[in-house]
Amino acid sequence: MVRFSVGSDGRFNLPGKTAFVTGGARGIGFALARTLHAGGAKVVLSDIDGPAVIQAAATLGQERTMGVAVDVTDRVSLNAAVEAALERFGGLDIVVANAGIAPVPAATVLTTDQAVFDRTLDVNLFGVWNTVQATLPQLIARQGHIVLTASIYAFLNGAATAPYAITKAGVESLGRALRTELAASGVTAGVLYPGWVDTQLVHAAIDADPIASRMLDELFPRPLARRVTADEVANAAVRGIERRAARTVVPKRWLPLLFMRGLANPLLDHLLDGNSKVQKALHDLEMRGRPAAERSGRVETSPERRTTG
Ligand SMILES: NC(=O)c1ccc[n+]([C@@H]2O[C@H](COP(=O)([O-])OP(=O)(O)OC[C@H]3O[C@@H](n4cnc5c(N)ncnc54)[C@H](O)[C@@H]3O)[C@@H](O)[C@H]2O)c1
């Protein structure tokens, strides 16, 4: 029988624990680090933006925090960050593999720039894989808990943002496999599914892009698409960590679709295929992305273009 390291009330208590958070300079990662710190944990904030993450860590105080530059796509950089964390705090109990990006600009599969696709997979999927592999031995040593930040796009139709949806479905799959593989070790893994959150990621990917904004408005009725704050996500995620939860969905209005997706997704996909406003937005995205795709030789120049030179 596995004995988890939990408090007398059955909770995985934060005081004295050490947490390692990637993408910790801002947004959800920073809010999570701040909430874990407020709950008594020591926190290592890591981010590709070195100066910003050191500054972010400093705002939490000196005693139980450190900021470290890390690129999650680079195993050497990750190993060095974990080493630095161990030197300072002696071990890891909680890991949040959270660093992520959204593909910009939004595009159809036909017109997505290859470099954008590669980078999205590198950070969101391989970056999470790297973070898991670099930290797992430490978590096993302390029977810790790891959270993988996925998204509702793990189960929503990813039209216009396929690279992102692919990575988030992959992260969900990784989290489920991990939880089962680790069950005998006393380590637990959980998947975090935020809806839309008011952070720079959505500002860059949606707010700055009129077609992406229109597409979202067509796809999701207002109450469903209403954004939550990074703090709301952090509070729910930390409650999930304390329970060693397998799944944390924020906001909760997405829970029914998470559980009903086997039935609901085929129907929703069918509705999208026939929705003229969604199809018009996709057409406009395609037209916008086509010239660059043609120039790069990925898409054949259309006959009209050929004749008009
Ligand atoms: N904002 C949303 O609506 C939303 C919804 C669902 C899931 N998410 C996920 O939440 C996570 C955090 O997103 P956010 O909204 O806080 O975005 P954000 O852009 O505010 O923060 C992301 C952080 O990750 C860092 N980062 C990017 N590439 C990195 C790399 N290679 N190595 C290390 N750090 C790197 C950035 O510098 C930044 O500080 C992401 O995985 C994102 O996909 C966000």
# chains A, B, ... in the order shown; residues from 1 in each chain; ligands from 1

call {"tool": "residues_near_ligand", "arguments": {"ligand": "ligand 1", "cutoff": "6 Å", "atoms": "only C-alpha atoms and all ligand atoms", "output": "ChimeraX atom specification"}}
result
/A:22-29,47-49,70-73,98-101,123,149-151,194-202

call {"tool": "write_last_selection", "arguments": {"atoms": "C-alpha atoms", "output": "short mmCIF file (atom, residue, chain, number, x, y, z; two decimals), in the first residue's frame"}}
result
data_model
loop_
_atom_site.label_atom_id
_atom_site.label_comp_id
_atom_site.auth_asym_id
_atom_site.auth_seq_id
_atom_site.Cartn_x
_atom_site.Cartn_y
_atom_site.Cartn_z
CA THR A 22 7.92 27.09 -15.29
CA GLY A 23 6.64 30.17 -17.11
CA GLY A 24 6.74 31.87 -13.70
CA ALA A 25 7.57 35.42 -14.78
CA ARG A 26 3.99 36.44 -15.43
CA GLY A 27 0.43 35.30 -16.09
CA ILE A 28 -0.81 32.00 -14.68
CA GLY A 29 2.69 30.82 -13.69
CA ASP A 47 11.15 31.46 -17.16
CA ILE A 48 12.85 32.10 -20.49
CA ASP A 49 12.72 35.81 -19.63
CA VAL A 70 15.31 28.57 -18.09
CA ASP A 71 14.30 27.61 -21.60
CA VAL A 72 12.06 24.55 -21.29
CA THR A 73 12.94 23.49 -24.84
CA ASN A 98 3.24 25.61 -17.12
CA ALA A 99 5.38 27.52 -19.66
CA GLY A 100 3.51 27.84 -22.92
CA ILE A 101 2.88 29.97 -25.97
CA VAL A 123 7.57 24.88 -25.99
CA THR A 149 -0.90 22.99 -17.62
CA ALA A 150 -3.07 21.91 -20.54
CA SER A 151 -6.13 23.92 -21.60
CA PRO A 194 -7.88 26.69 -17.83
CA GLY A 195 -10.51 28.32 -20.03
CA TRP A 196 -9.68 31.77 -21.41
CA VAL A 197 -7.56 33.69 -18.95
CA ASP A 198 -6.78 37.39 -19.01
CA THR A 199 -3.02 37.19 -19.73
CA GLN A 200 -0.56 38.36 -22.38
CA LEU A 201 -1.01 35.05 -24.20
CA VAL A 202 -4.65 35.79 -25.07
#

call {"tool": "closest_atom_pairs", "arguments": {"of": "range 124-242 of chain A", "to": "range 250-267 of chain A", "cutoff": "9 Å", "atoms": "only C-alpha atoms", "output": "Markdown table"}}
result
| residue | atom | partner | partner_atom | distance |
| --- | --- | --- | --- | --- |
| A:Ile152 | CA | A:Trp254 | CA | 7.6 |
| A:Phe155 | CA | A:Leu258 | CA | 6.9 |
| A:Leu156 | CA | A:Asn265 | CA | 7.6 |
| A:Asn157 | CA | A:Asn265 | CA | 7.8 |
| A:Leu192 | CA | A:Val250 | CA | 8.0 |
| A:Tyr193 | CA | A:Val250 | CA | 6.3 |
| A:Pro194 | CA | A:Val250 | CA | 4.9 |
| A:Gly195 | CA | A:Val250 | CA | 6.0 |
| A:Trp196 | CA | A:Pro251 | CA | 8.8 |
| A:Leu224 | CA | A:Arg253 | CA | 7.3 |
| A:Arg227 | CA | A:Pro251 | CA | 8.7 |
| A:Val228 | CA | A:Pro251 | CA | 7.1 |
| A:Glu232 | CA | A:Val250 | CA | 7.6 |
| A:Val233 | CA | A:Val250 | CA | 5.9 |
| A:Ala236 | CA | A:Val250 | CA | 6.9 |
| A:Ala237 | CA | A:Val250 | CA | 8.3 |

call {"tool": "closest_residue", "arguments": {"among": "A:Ala292, A:Leu148, A:Ala225, A:Ala230", "to": "Arg247 in chain A", "atoms": "only C-alpha atoms"}}
result
A:Leu148

call {"tool": "select_by_dssp", "arguments": {"residues": "range 51-122 of chain A", "states": "strand (DSSP E or B)", "output": "list in words"}}
result
Thr65, Met66, Gly67, Val68, Ala69, Ile94, Val95, Val96 and Ala97 of chain A

call {"tool": "atom_distance", "arguments": {"atom1": "CA of Ser213 in chain A", "atom2": "CA of Pro103 in chain A"}}
result
14.3 Å

call {"tool": "residues_around", "arguments": {"residues": "Ala162 in chain A", "least_positions_apart": "4", "cutoff": "12 Å", "atoms": "only C-alpha atoms", "output": "PyMOL selection string"}}
result
chain A and resi 102-113+116-117+120-121+153-158+166-169

call {"tool": "residues_around", "arguments": {"residues": "Glu218 in chain A", "least_positions_apart": "3", "cutoff": "9 Å", "atoms": "only C-alpha atoms", "output": "MDAnalysis selection string"}}
result
chainID A and resid 213:215 221 275 277:278 281

call {"tool": "atom_distance", "arguments": {"atom1": "CA of Gly144 in chain A", "atom2": "CA of Glu242 in chain A"}}
result
10.8 Å

call {"tool": "residues_around", "arguments": {"residues": "Arg239 in chain A", "least_positions_apart": "3", "cutoff": "12 Å", "atoms": "only C-alpha atoms", "output": "JSON, numbers by chain"}}
result
{"A": [11, 12, 13, 14, 32, 35, 36, 39, 147, 190, 192, 232, 233, 234, 235, 236, 242, 243, 244, 245, 246, 247, 248, 249, 250]}

call {"tool": "select_by_dssp", "arguments": {"residues": "range 145-295 of chain A", "states": "helix (DSSP H, G or I)", "output": "VMD selection string"}}
result
chain A and resid 152 to 154 162 to 185 200 to 207 210 to 219 222 to 225 230 to 243 252 to 273 276 to 295

call {"tool": "residues_around", "arguments": {"residues": "Gln114 in chain A", "least_positions_apart": "4", "cutoff": "10 Å", "atoms": "only C-alpha atoms", "output": "PyMOL selection string"}}
result
chain A and resi 109+118-120+293+296+298

call {"tool": "write_last_selection", "arguments": {"atoms": "all heavy atoms", "output": "PDB file, in the first residue's frame"}}
result
ATOM      1  N   VAL A 109      -4.614  25.157 -40.935  1.00  0.00           N
ATOM      2  CA  VAL A 109      -3.517  24.186 -41.075  1.00  0.00           C
ATOM      3  C   VAL A 109      -2.777  24.435 -42.393  1.00  0.00           C
ATOM      4  O   VAL A 109      -1.537  24.420 -42.439  1.00  0.00           O
ATOM      5  CB  VAL A 109      -4.070  22.745 -41.031  1.00  0.00           C
ATOM      6  CG1 VAL A 109      -2.985  21.733 -41.385  1.00  0.00           C
ATOM      7  CG2 VAL A 109      -4.661  22.439 -39.652  1.00  0.00           C
ATOM      8  N   ASP A 118       6.486  24.515 -35.350  1.00  0.00           N
ATOM      9  CA  ASP A 118       7.609  23.875 -34.652  1.00  0.00           C
ATOM     10  C   ASP A 118       7.821  24.475 -33.261  1.00  0.00           C
ATOM     11  O   ASP A 118       8.014  23.759 -32.284  1.00  0.00           O
ATOM     12  CB  ASP A 118       8.912  24.024 -35.466  1.00  0.00           C
ATOM     13  CG  ASP A 118       8.879  23.213 -36.755  1.00  0.00           C
ATOM     14  OD1 ASP A 118       7.981  22.356 -36.912  1.00  0.00           O
ATOM     15  OD2 ASP A 118       9.751  23.447 -37.621  1.00  0.00           O
ATOM     16  N   ARG A 119       7.753  25.812 -33.189  1.00  0.00           N
ATOM     17  CA  ARG A 119       8.009  26.474 -31.912  1.00  0.00           C
ATOM     18  C   ARG A 119       6.892  26.137 -30.907  1.00  0.00           C
ATOM     19  O   ARG A 119       7.151  25.907 -29.729  1.00  0.00           O
ATOM     20  CB  ARG A 119       8.107  27.992 -32.130  1.00  0.00           C
ATOM     21  CG  ARG A 119       8.466  28.782 -30.890  1.00  0.00           C
ATOM     22  CD  ARG A 119       9.895  28.528 -30.433  1.00  0.00           C
ATOM     23  NE  ARG A 119      10.183  29.158 -29.138  1.00  0.00           N
ATOM     24  CZ  ARG A 119      11.169  28.785 -28.330  1.00  0.00           C
ATOM     25  NH1 ARG A 119      11.984  27.807 -28.655  1.00  0.00           N
ATOM     26  NH2 ARG A 119      11.358  29.393 -27.190  1.00  0.00           N
ATOM     27  N   THR A 120       5.651  26.088 -31.390  1.00  0.00           N
ATOM     28  CA  THR A 120       4.531  25.781 -30.489  1.00  0.00           C
ATOM     29  C   THR A 120       4.705  24.374 -29.909  1.00  0.00           C
ATOM     30  O   THR A 120       4.525  24.153 -28.700  1.00  0.00           O
ATOM     31  CB  THR A 120       3.184  25.909 -31.225  1.00  0.00           C
ATOM     32  OG1 THR A 120       3.115  27.187 -31.849  1.00  0.00           O
ATOM     33  CG2 THR A 120       2.014  25.756 -30.274  1.00  0.00           C
ATOM     34  N   ALA A 293       2.211  31.875 -47.362  1.00  0.00           N
ATOM     35  CA  ALA A 293       2.353  30.438 -47.632  1.00  0.00           C
ATOM     36  C   ALA A 293       2.779  30.202 -49.077  1.00  0.00           C
ATOM     37  O   ALA A 293       3.578  29.312 -49.372  1.00  0.00           O
ATOM     38  CB  ALA A 293       1.036  29.727 -47.329  1.00  0.00           C
ATOM     39  N   SER A 296       6.473  31.114 -49.479  1.00  0.00           N
ATOM     40  CA  SER A 296       7.405  30.120 -48.921  1.00  0.00           C
ATOM     41  C   SER A 296       7.351  28.813 -49.710  1.00  0.00           C
ATOM     42  O   SER A 296       8.098  27.886 -49.431  1.00  0.00           O
ATOM     43  CB  SER A 296       7.063  29.849 -47.452  1.00  0.00           C
ATOM     44  OG  SER A 296       5.854  29.121 -47.388  1.00  0.00           O
ATOM     45  N   ARG A 298       4.960  26.624 -49.740  1.00  0.00           N
ATOM     46  CA  ARG A 298       4.205  25.549 -49.097  1.00  0.00           C
ATOM     47  C   ARG A 298       2.858  25.338 -49.763  1.00  0.00           C
ATOM     48  O   ARG A 298       2.299  24.261 -49.725  1.00  0.00           O
ATOM     49  CB  ARG A 298       3.992  25.852 -47.609  1.00  0.00           C
ATOM     50  CG  ARG A 298       5.167  25.480 -46.751  1.00  0.00           C
ATOM     51  CD  ARG A 298       4.900  25.784 -45.301  1.00  0.00           C
ATOM     52  NE  ARG A 298       4.763  27.210 -45.069  1.00  0.00           N
ATOM     53  CZ  ARG A 298       3.635  27.814 -44.754  1.00  0.00           C
ATOM     54  NH1 ARG A 298       2.544  27.120 -44.610  1.00  0.00           N
ATOM     55  NH2 ARG A 298       3.605  29.109 -44.554  1.00  0.00           N
TER      56      ARG A 298
END

call {"tool": "closest_residue", "arguments": {"among": "A:Ala177, A:Leu45, A:Leu139, A:Ala205", "to": "Ala81 in chain A", "atoms": "only C-alpha atoms"}}
result
A:Leu45

call {"tool": "closest_residue", "arguments": {"among": "A:Leu219, A:Gly91, A:Asp231, A:Gly16", "to": "Asp269 in chain A", "atoms": "only C-alpha atoms"}}
result
A:Leu219

call {"tool": "closest_residue", "arguments": {"among": "A:Arg226, A:Ala204, A:Pro163, A:Thr59", "to": "Ala115 in chain A", "atoms": "only C-alpha atoms"}}
result
A:Pro163

call {"tool": "atom_distance", "arguments": {"atom1": "CA of Ala41 in chain A", "atom2": "CA of Leu125 in chain A"}}
result
26.9 Å
